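Undergrad: My structure file input_3.cif, mmCIF, C-alpha atoms (C1' of nucleotides), is below:
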```cif
data_structure
loop_
_atom_site.label_atom_id
_atom_site.label_comp_id
_atom_site.auth_asym_id
_atom_site.auth_seq_id
_atom_site.Cartn_x
_atom_site.Cartn_y
_atom_site.Cartn_z
CA MET A 52 0.00 0.00 0.00
CA PRO A 53 1.62 2.98 1.29
CA GLU A 54 4.29 4.28 -1.00
CA LEU A 55 6.02 7.65 -0.95
CA PRO A 56 2.94 9.82 -1.68
CA GLU A 57 0.85 8.11 0.98
CA ILE A 58 3.56 8.38 3.64
CA GLU A 59 4.21 12.00 2.68
CA THR A 60 0.49 12.73 3.06
CA ILE A 61 0.35 11.09 6.48
CA VAL A 62 3.44 12.98 7.67
CA ARG A 63 2.29 16.37 6.39
CA GLY A 64 -1.10 15.86 8.00
CA LEU A 65 0.10 14.63 11.36
CA ALA A 66 3.19 16.79 11.84
CA PRO A 67 1.40 19.94 13.12
CA HIS A 68 -0.51 17.78 15.62
CA LEU A 69 2.40 15.67 16.85
CA VAL A 70 5.43 17.96 16.92
CA GLY A 71 5.82 19.34 20.42
CA ARG A 72 3.54 16.68 21.93
CA ALA A 73 4.79 14.34 24.62
CA VAL A 74 4.04 10.61 24.79
CA CYS A 75 2.22 9.76 28.02
CA THR A 76 1.22 6.15 27.48
CA VAL A 77 2.04 3.32 25.11
CA ARG A 78 -0.19 0.28 24.82
CA VAL A 79 0.94 -2.62 22.67
CA ARG A 80 -2.06 -4.88 22.13
CA GLU A 81 -0.40 -7.09 19.50
CA PRO A 82 3.40 -7.14 19.24
CA ARG A 83 3.51 -9.79 16.50
CA LEU A 84 4.15 -7.67 13.42
CA ARG A 85 6.53 -8.75 10.62
CA GLU A 86 9.19 -8.15 13.24
CA ARG A 87 7.98 -8.51 16.82
CA ILE A 88 7.73 -5.16 18.60
CA ALA A 89 10.65 -4.99 21.05
CA PRO A 90 9.88 -5.48 24.77
CA ASP A 91 11.40 -2.06 25.56
CA PHE A 92 9.46 -0.24 22.83
CA ALA A 93 7.04 1.37 25.27
CA ARG A 94 9.85 2.38 27.62
CA ALA A 95 11.68 4.06 24.73
CA LEU A 96 8.67 6.26 23.93
CA VAL A 97 6.96 7.08 27.24
CA GLY A 98 7.95 10.52 28.50
CA ARG A 99 9.57 11.49 25.21
CA GLU A 100 8.61 14.63 23.35
CA ILE A 101 8.23 14.40 19.56
CA HIS A 102 10.57 17.01 18.10
CA SER A 103 10.05 16.30 14.42
CA LEU A 104 8.04 14.21 12.02
CA ALA A 105 9.37 13.43 8.55
CA ARG A 106 9.25 10.90 5.74
CA ALA A 107 12.24 8.89 4.54
CA GLY A 108 11.39 6.58 1.65
CA LYS A 109 8.26 4.73 2.73
CA THR A 110 9.03 5.19 6.44
CA VAL A 111 7.62 7.69 8.93
CA VAL A 112 10.47 9.05 11.06
CA ALA A 113 9.69 10.74 14.37
CA GLY A 114 12.59 12.54 16.06
CA LEU A 115 12.48 12.19 19.85
CA ASP A 116 13.84 14.59 22.46
CA ASP A 117 16.52 12.11 23.52
CA GLY A 118 17.94 12.10 19.99
CA LEU A 119 16.61 8.67 19.01
CA ARG A 120 14.29 8.07 16.06
CA TRP A 121 10.96 6.27 16.11
CA LEU A 122 10.39 4.56 12.76
CA VAL A 123 7.00 3.43 11.48
CA HIS A 124 6.79 1.31 8.33
CA LEU A 125 3.23 0.54 7.29
CA GLY A 126 3.86 -2.60 5.25
CA MET A 127 0.89 -3.30 2.98
CA THR A 128 -2.09 -2.44 5.17
CA GLY A 129 -0.78 -0.29 8.00
CA ARG A 130 -2.57 2.87 9.15
CA LEU A 131 -1.28 5.53 11.49
CA THR A 132 -4.17 7.71 12.59
CA LEU A 133 -4.85 10.32 15.23
CA GLN A 134 -7.91 9.56 17.33
CA GLY A 135 -9.81 11.47 19.95
CA ALA A 136 -9.66 10.57 23.62
CA ASP A 137 -10.96 7.20 24.84
CA VAL A 138 -12.12 5.66 21.58
CA ALA A 139 -12.93 1.96 21.69
CA PRO A 140 -10.24 -0.22 20.09
CA ARG A 141 -11.20 -1.56 16.68
CA PRO A 142 -10.06 -4.79 15.08
CA HIS A 143 -6.35 -4.72 14.21
CA ASP A 144 -5.59 -1.69 16.40
CA HIS A 145 -2.22 -3.06 17.51
CA VAL A 146 -0.56 -0.09 19.22
CA GLU A 147 -1.97 3.01 20.92
CA ILE A 148 0.21 5.99 21.74
CA GLY A 149 -1.44 8.34 24.25
CA LEU A 150 -0.40 11.98 23.94
CA ASP A 151 -0.29 14.81 26.45
CA ASP A 152 -3.24 16.56 24.78
CA GLY A 153 -5.45 13.56 25.49
CA ARG A 154 -5.46 12.31 21.93
CA CYS A 155 -4.23 8.94 20.80
CA LEU A 156 -2.07 7.92 17.85
CA VAL A 157 -3.19 4.47 16.74
CA TYR A 158 -1.28 1.92 14.65
CA ASN A 159 -3.71 -0.40 12.86
CA ASP A 160 -2.56 -3.13 10.47
CA VAL A 161 -4.72 -5.97 9.14
CA ARG A 162 -1.90 -8.05 7.67
CA ARG A 163 0.70 -7.11 10.30
CA PHE A 164 3.50 -6.59 7.78
CA GLY A 165 4.41 -3.25 9.34
CA ARG A 166 7.29 -2.42 11.62
CA LEU A 167 7.64 -0.15 14.67
CA VAL A 168 11.13 0.38 16.04
CA VAL A 169 13.20 2.97 17.91
CA VAL A 170 16.76 3.36 16.65
CA ALA A 171 19.80 5.65 16.85
CA PRO A 172 19.88 8.38 14.18
CA ASP A 173 22.88 6.90 12.40
CA ALA A 174 20.92 3.68 11.83
CA VAL A 175 17.99 5.32 10.07
CA ALA A 176 19.45 5.27 6.57
CA ALA A 177 20.12 1.54 6.65
CA GLU A 178 16.65 0.85 8.04
CA VAL A 179 14.89 2.96 5.43
CA GLY A 180 16.92 1.82 2.42
CA LEU A 181 20.07 3.37 1.09
CA GLY A 182 18.62 4.56 -2.21
CA LEU A 183 18.14 8.11 -3.42
CA GLU A 184 15.05 10.14 -2.58
CA PRO A 185 13.28 10.34 -5.95
CA LEU A 186 12.21 13.94 -5.30
CA GLY A 187 15.66 14.95 -4.07
CA GLU A 188 18.38 16.87 -5.90
CA ASP A 189 20.51 13.75 -6.37
CA ALA A 190 17.95 11.80 -8.39
CA ARG A 191 19.24 13.08 -11.74
CA PRO A 192 19.14 11.21 -15.07
CA ASP A 193 22.92 10.86 -15.24
CA VAL A 194 23.08 9.53 -11.69
CA LEU A 195 20.41 6.90 -12.31
CA ALA A 196 22.04 5.94 -15.61
CA ALA A 197 25.33 5.45 -13.78
CA ARG A 198 23.68 3.27 -11.14
CA ALA A 199 22.05 1.17 -13.85
CA ARG A 200 25.21 0.70 -15.89
CA ARG A 201 25.87 -2.87 -16.94
CA ARG A 202 22.93 -4.10 -14.88
CA ARG A 203 20.42 -6.47 -16.40
CA LEU A 204 17.48 -5.90 -14.08
CA SER A 205 14.27 -4.44 -15.50
CA VAL A 206 13.62 -0.72 -15.19
CA LYS A 207 10.58 -1.53 -13.04
CA ALA A 208 12.69 -3.58 -10.64
CA PHE A 209 15.18 -0.72 -10.63
CA LEU A 210 12.53 1.83 -9.62
CA MET A 211 11.22 -0.43 -6.85
CA ASP A 212 14.60 -1.42 -5.39
CA GLN A 213 14.94 0.56 -2.15
CA ARG A 214 18.74 0.30 -2.39
CA LEU A 215 18.59 2.34 -5.59
CA LEU A 216 15.60 4.64 -5.04
CA VAL A 217 13.47 4.84 -1.91
CA GLY A 218 9.71 5.24 -1.76
CA ILE A 219 8.50 3.80 -5.07
CA GLY A 220 6.36 0.65 -4.93
CA ASN A 221 4.23 -1.37 -7.28
CA ILE A 222 1.52 1.19 -8.03
CA TYR A 223 3.75 4.15 -8.77
CA ALA A 224 6.32 2.13 -10.71
CA SER A 225 3.63 1.21 -13.24
CA GLU A 226 2.30 4.78 -13.37
CA ILE A 227 5.78 6.30 -13.77
CA LEU A 228 6.70 3.97 -16.63
CA PHE A 229 3.47 4.79 -18.44
CA HIS A 230 4.24 8.50 -18.22
CA ALA A 231 7.83 7.82 -19.29
CA GLY A 232 6.63 5.76 -22.26
CA LEU A 233 8.77 2.75 -21.33
CA ARG A 234 7.78 -0.90 -21.12
CA PRO A 235 8.40 -2.12 -17.58
CA TRP A 236 10.61 -5.07 -18.52
CA ARG A 237 13.16 -2.97 -20.43
CA ARG A 238 16.68 -3.60 -19.08
CA ALA A 239 17.70 -0.67 -16.91
CA GLY A 240 21.28 -0.87 -18.12
CA ARG A 241 20.20 -0.37 -21.71
CA LEU A 242 18.17 2.83 -21.34
CA SER A 243 19.55 5.91 -23.08
CA LEU A 244 20.21 9.12 -21.20
CA ALA A 245 17.18 10.62 -22.95
CA GLU A 246 15.08 7.74 -21.60
CA TRP A 247 16.43 8.30 -18.08
CA GLN A 248 15.47 11.95 -18.46
CA ARG A 249 11.92 10.81 -19.19
CA VAL A 250 12.00 8.48 -16.18
CA VAL A 251 13.11 11.27 -13.86
CA ALA A 252 10.56 13.74 -15.25
CA ALA A 253 7.76 11.17 -15.02
CA THR A 254 8.78 10.21 -11.48
CA ARG A 255 8.59 13.81 -10.28
CA HIS A 256 5.37 14.47 -12.12
CA VAL A 257 3.58 11.35 -10.87
CA LEU A 258 4.78 11.53 -7.26
CA GLU A 259 4.05 15.25 -6.91
CA ASP A 260 0.61 14.83 -8.46
CA ALA A 261 -0.12 11.91 -6.17
CA ILE A 262 0.97 13.89 -3.10
CA ALA A 263 -1.29 16.76 -4.18
CA CYS A 264 -4.14 14.21 -4.32
CA GLY A 265 -3.36 12.81 -0.88
CA GLY A 266 -2.11 9.49 -2.26
CA SER A 267 -4.00 6.51 -3.69
CA THR A 268 -6.68 4.65 -1.74
CA ILE A 269 -7.10 1.23 -3.37
CA SER A 270 -8.58 -0.46 -0.34
CA ASP A 271 -6.75 -0.05 2.94
CA TYR A 272 -4.89 3.23 2.76
CA ARG A 273 -6.13 6.10 4.95
CA ASP A 274 -4.33 9.32 5.83
CA GLY A 275 -3.51 10.37 9.39
CA PHE A 276 -7.13 11.36 10.01
CA GLU A 277 -8.74 8.35 8.33
CA GLY A 278 -9.31 10.30 5.12
CA PHE A 279 -9.10 8.80 1.63
CA GLY A 280 -6.61 9.64 -1.08
CA SER A 281 -7.89 10.39 -4.57
CA TYR A 282 -4.98 9.69 -6.89
CA GLN A 283 -6.45 6.26 -7.71
CA LEU A 284 -8.92 8.22 -9.86
CA ARG A 285 -5.95 9.45 -11.91
CA HIS A 286 -4.24 6.10 -12.35
CA ALA A 287 -3.54 5.72 -16.06
CA VAL A 288 -2.67 2.01 -15.98
CA TYR A 289 -2.50 0.48 -12.49
CA GLY A 290 -5.34 -2.01 -12.06
CA ARG A 291 -6.75 -1.18 -15.50
CA ALA A 292 -5.84 -4.23 -17.61
CA GLY A 293 -8.42 -4.65 -20.35
CA GLU A 294 -9.53 -1.04 -20.24
CA PRO A 295 -8.70 1.42 -23.02
CA CYS A 296 -5.58 3.55 -22.68
CA VAL A 297 -6.45 7.13 -21.74
CA ARG A 298 -4.05 8.38 -24.40
CA CYS A 299 -4.53 6.03 -27.38
CA ALA A 300 -7.47 3.73 -26.48
CA THR A 301 -5.42 0.55 -26.95
CA ARG A 302 -6.43 -2.17 -24.48
CA LEU A 303 -4.11 -1.99 -21.48
CA ARG A 304 -2.33 -5.16 -20.45
CA SER A 305 -0.83 -6.64 -17.31
CA ARG A 306 2.15 -8.89 -16.91
CA VAL A 307 4.04 -10.22 -13.91
CA ILE A 308 7.54 -8.77 -13.60
CA VAL A 309 9.77 -9.93 -10.76
CA GLY A 310 6.76 -11.36 -9.02
CA ARG A 311 4.51 -8.31 -9.10
CA SER A 312 1.68 -7.40 -11.45
CA SER A 313 2.64 -4.65 -13.84
CA PHE A 314 0.28 -2.66 -16.00
CA TYR A 315 1.17 -0.99 -19.27
CA CYS A 316 -0.04 0.26 -22.63
CA PRO A 317 1.51 -1.77 -25.46
CA THR A 318 1.21 1.21 -27.81
CA CYS A 319 2.33 4.16 -25.66
CA GLN A 320 5.16 2.30 -23.94
CA ARG A 321 8.13 1.03 -25.95
"C1'" DC B 96 23.72 -10.76 -10.42
"C1'" DG B 97 18.79 -11.36 -11.14
"C1'" DC B 98 15.04 -13.83 -10.41
"C1'" DA B 99 11.91 -17.61 -8.97
"C1'" DC B 100 10.10 -19.24 -5.03
"C1'" DC B 101 9.38 -19.52 -0.24
"C1'" DC B 102 7.90 -17.01 4.17
"C1'" DC B 103 5.35 -13.46 7.19
"C1'" DC B 104 -0.70 -12.33 7.71
"C1'" DT B 105 -5.71 -11.34 6.86
"C1'" DG B 106 -9.47 -10.35 3.79
"C1'" DC B 107 -11.88 -10.33 -0.38
"C1'" DC B 108 -13.41 -11.98 -4.74
"C1'" DG B 109 -14.59 -15.19 -8.33
"C1'" DG B 110 -15.34 -19.86 -9.73
"C1'" DC B 111 -17.28 -24.16 -8.96
"C1'" DT C 195 -24.59 -21.34 0.16
"C1'" DG C 196 -19.92 -22.61 1.12
"C1'" DC C 197 -15.38 -23.84 0.27
"C1'" DC C 198 -10.99 -23.06 -2.11
"C1'" DG C 199 -7.51 -20.91 -4.77
"C1'" DG C 200 -5.58 -16.67 -6.15
"C1'" DC C 201 -4.44 -12.19 -5.29
"C1'" DA C 202 -3.35 -7.72 -2.68
"C1'" DG C 203 0.29 -1.44 -1.68
"C1'" DG C 204 5.47 -4.34 2.05
"C1'" DG C 205 10.07 -6.77 2.73
"C1'" DG C 206 13.40 -10.69 3.66
"C1'" DG C 207 15.70 -15.16 2.90
"C1'" DT C 208 17.46 -19.07 0.08
"C1'" DG C 209 19.10 -21.22 -3.86
"C1'" DC C 210 19.82 -21.73 -8.79
#
```
Transcribe the structure of this file into structure tokens.
TA:
Amino acid sequence: MPELPEIETIVRGLAPHLVGRAVCTVRVREPRLRERIAPDFARALVGREIHSLARAGKTVVAGLDDGLRWLVHLGMTGRLTLQGADVAPRPHDHVEIGLDDGRCLVYNDVRRFGRLVVVAPDAVAAEVGLGLEPLGEDARPDVLAARARRRRLSVKAFLMDQRLLVGIGNIYASEILFHAGLRPWRRAGRLSLAEWQRVVAATRHVLEDAIACGGSTISDYRDGFEGFGSYQLRHAVYGRAGEPCVRCATRLRSRVIVGRSSFYCPTCQR
DNA sequence: CGCACCCCCTGCCGGC
DNA sequence: TGCCGGCAGGGGGTGC
């Protein structure tokens, strides 16, 4: 689910409400996530003030007043939402963080593929993925071309590899490659610089548009206040196999690439 | 190195 | 109606 635009939406929404707040209580109802929540997780958060809230790749990063970082990765179905005081727990509400204004930050996750951990600041990069931020200054066509040199992986696998770029997942990889006019299985190492320029332009365009729309709600995703995203209404190809291409009316197709469904227009993408 | 194939977990949908 | 297989935005490990 939550890729860069969804995490960015959550962080932008929650930051004004969380920064400056102190954590009063932590209740872990279900520690068995993809990685079990550490026994000292609650102790690491209680009494801490949240100094900052930011996104790194697909991870929410909260800076604490003792210098440590609280990382939240939402996996496929995670939700991080701010609730009023004393709301009844709902199914899959696994962690509740009580704040000093009486409100409660709730981590809900049907499939429990998420991850909650407190780490030292110098460990954040390795936890998040060492790739470039796709909206950052460093994500330039020549830099990506250099990273792809002599590599045989597909351009879609390249976009989704968090060691190369952080934040792009299965939905946005398909959308980006449609806007770049490239078939998803093209070998990354064989793209021209002009094609990398299209990839970078499409990446910025798609991610910024998606952020402006509050992300994509396919089924589970909600923002920090349980709101829906609307970028799914702008998806050109994702989930649209069999439908006509918005640009040329050719029937869109899907194909599995490195284990994930990919959607593309056989006419617009070459 | 790149990928196929496992795992983690729950829910939903379509076919029979 | 009910069961079963397949699939779903995440990532990690193994082995060819």
Undergrad: Could you tell me which residues the PyMOL selection byres ((chain B) within 7 of (chain A)) returns for this structure, as a PyMOL selection string?
TA: chain B and resi 97-98+103-105
Undergrad: Could you tell me which residues the PyMOL selection byres ((chain A) within 8 of (chain C)) returns for this structure, as a count of residues only?
TA: 12
Undergrad: To verify the selection step, state as a list in words which residues the PyMOL selection byres ((chain A and resi 141) around 12) yields on this input.
TA: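 On the file shown, the PyMOL selection byres ((chain A and resi 141) around 12) covers Arg80, Gln134, Asp137, Val138, Ala139, Pro140, Pro142, His143, Asp144, His145, Val146, Glu147, Val157, Tyr158, Asn159, Asp160 and Val161 of chain A.
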Undergrad: What does the distance from atom CA of A:Leu186 to atom CA of A:Arg255 come to in Å, to one decimal?
TA: 6.2 Å
Undergrad: Nearest to A:Gly149 among A:Gly187, A:Ala199, A:Leu96, A:Ala177, with distances taken over only C-alpha atoms: which residue is it?
TA: A:Leu96
Undergrad: Find the distance between atom CA of A:Ser103 and atom CA of A:Val168 and write it in Å to one decimal.
TA: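 These atoms are spaced 16.0 Å apart.
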Undergrad: Please compute the atom CA of A:Leu244-atom CA of A:Arg200 distance, one decimal, in Å.
TA: 11.1 Å
Undergrad: Between A:Ala73, A:Ala300, A:Ala261, A:Val206, which is the closest to A:Arg237 once you count only C-alpha atoms?
TA: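 Among the listed residues, A:Val206 lies closest to A:Arg237.
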Undergrad: Which neighbours of stretch 268-281 of chain A fall inside 7 Å, counting only C-alpha atoms (C1' of nucleotides), when residues of the same chain fewer than 2 positions from it are skipped, and could you give them as an MDAnalysis selection string?
TA: chainID A and resid 52:53 60:61 64:65 128 130:133 264:266 283:284
Undergrad: Would you kindly identify which residues have an atom no farther than 9 Å from (17.4, 1.0, 2.5), using all atoms listed in the file and the file's own coordinates, and write them out as an NGL selection string?
TA: :A and (108 or 175-182 or 212-217)
Undergrad: Store the residues of this selection in a file with C-alpha atoms, as a PDB file, in the coordinates of the input.
TA:
```
ATOM      1  CA  GLY A 108      11.390   6.580   1.650  1.00  0.00           C
ATOM      2  CA  VAL A 175      17.990   5.320  10.070  1.00  0.00           C
ATOM      3  CA  ALA A 176      19.450   5.270   6.570  1.00  0.00           C
ATOM      4  CA  ALA A 177      20.120   1.540   6.650  1.00  0.00           C
ATOM      5  CA  GLU A 178      16.650   0.850   8.040  1.00  0.00           C
ATOM      6  CA  VAL A 179      14.890   2.960   5.430  1.00  0.00           C
ATOM      7  CA  GLY A 180      16.920   1.820   2.420  1.00  0.00           C
ATOM      8  CA  LEU A 181      20.070   3.370   1.090  1.00  0.00           C
ATOM      9  CA  GLY A 182      18.620   4.560  -2.210  1.00  0.00           C
ATOM     10  CA  ASP A 212      14.600  -1.420  -5.390  1.00  0.00           C
ATOM     11  CA  GLN A 213      14.940   0.560  -2.150  1.00  0.00           C
ATOM     12  CA  ARG A 214      18.740   0.300  -2.390  1.00  0.00           C
ATOM     13  CA  LEU A 215      18.590   2.340  -5.590  1.00  0.00           C
ATOM     14  CA  LEU A 216      15.600   4.640  -5.040  1.00  0.00           C
ATOM     15  CA  VAL A 217      13.470   4.840  -1.910  1.00  0.00           C
TER      16      VAL A 217
END
```
Undergrad: Go ahead and fit an axis-aligned box to every listed atom of stretch 301-305 of chain A plus 4 Å each side, and pass me the centre and edge lengths in Å, one decimal, as lines of an AutoDock Vina configuration file.
TA:
```
center_x = -3.6
center_y = -3.0
center_z = -22.1
size_x = 13.6
size_y = 15.2
size_z = 17.6
```
Undergrad: Can you take chain C from the block and write C-alpha atoms (C1' of nucleotides) as a PDB file, in the first residue's frame?
TA:
```
ATOM      1  C1'  DT C 195     -24.591 -21.338   0.156  1.00  0.00           C
ATOM      2  C1'  DG C 196     -19.915 -22.605   1.122  1.00  0.00           C
ATOM      3  C1'  DC C 197     -15.382 -23.840   0.273  1.00  0.00           C
ATOM      4  C1'  DC C 198     -10.989 -23.059  -2.112  1.00  0.00           C
ATOM      5  C1'  DG C 199      -7.506 -20.908  -4.770  1.00  0.00           C
ATOM      6  C1'  DG C 200      -5.579 -16.672  -6.147  1.00  0.00           C
ATOM      7  C1'  DC C 201      -4.439 -12.186  -5.290  1.00  0.00           C
ATOM      8  C1'  DA C 202      -3.352  -7.721  -2.676  1.00  0.00           C
ATOM      9  C1'  DG C 203       0.285  -1.445  -1.683  1.00  0.00           C
ATOM     10  C1'  DG C 204       5.472  -4.338   2.050  1.00  0.00           C
ATOM     11  C1'  DG C 205      10.071  -6.769   2.730  1.00  0.00           C
ATOM     12  C1'  DG C 206      13.404 -10.689   3.664  1.00  0.00           C
ATOM     13  C1'  DG C 207      15.703 -15.163   2.896  1.00  0.00           C
ATOM     14  C1'  DT C 208      17.456 -19.072   0.076  1.00  0.00           C
ATOM     15  C1'  DG C 209      19.101 -21.220  -3.859  1.00  0.00           C
ATOM     16  C1'  DC C 210      19.818 -21.729  -8.789  1.00  0.00           C
TER      17       DC C 210
END
```
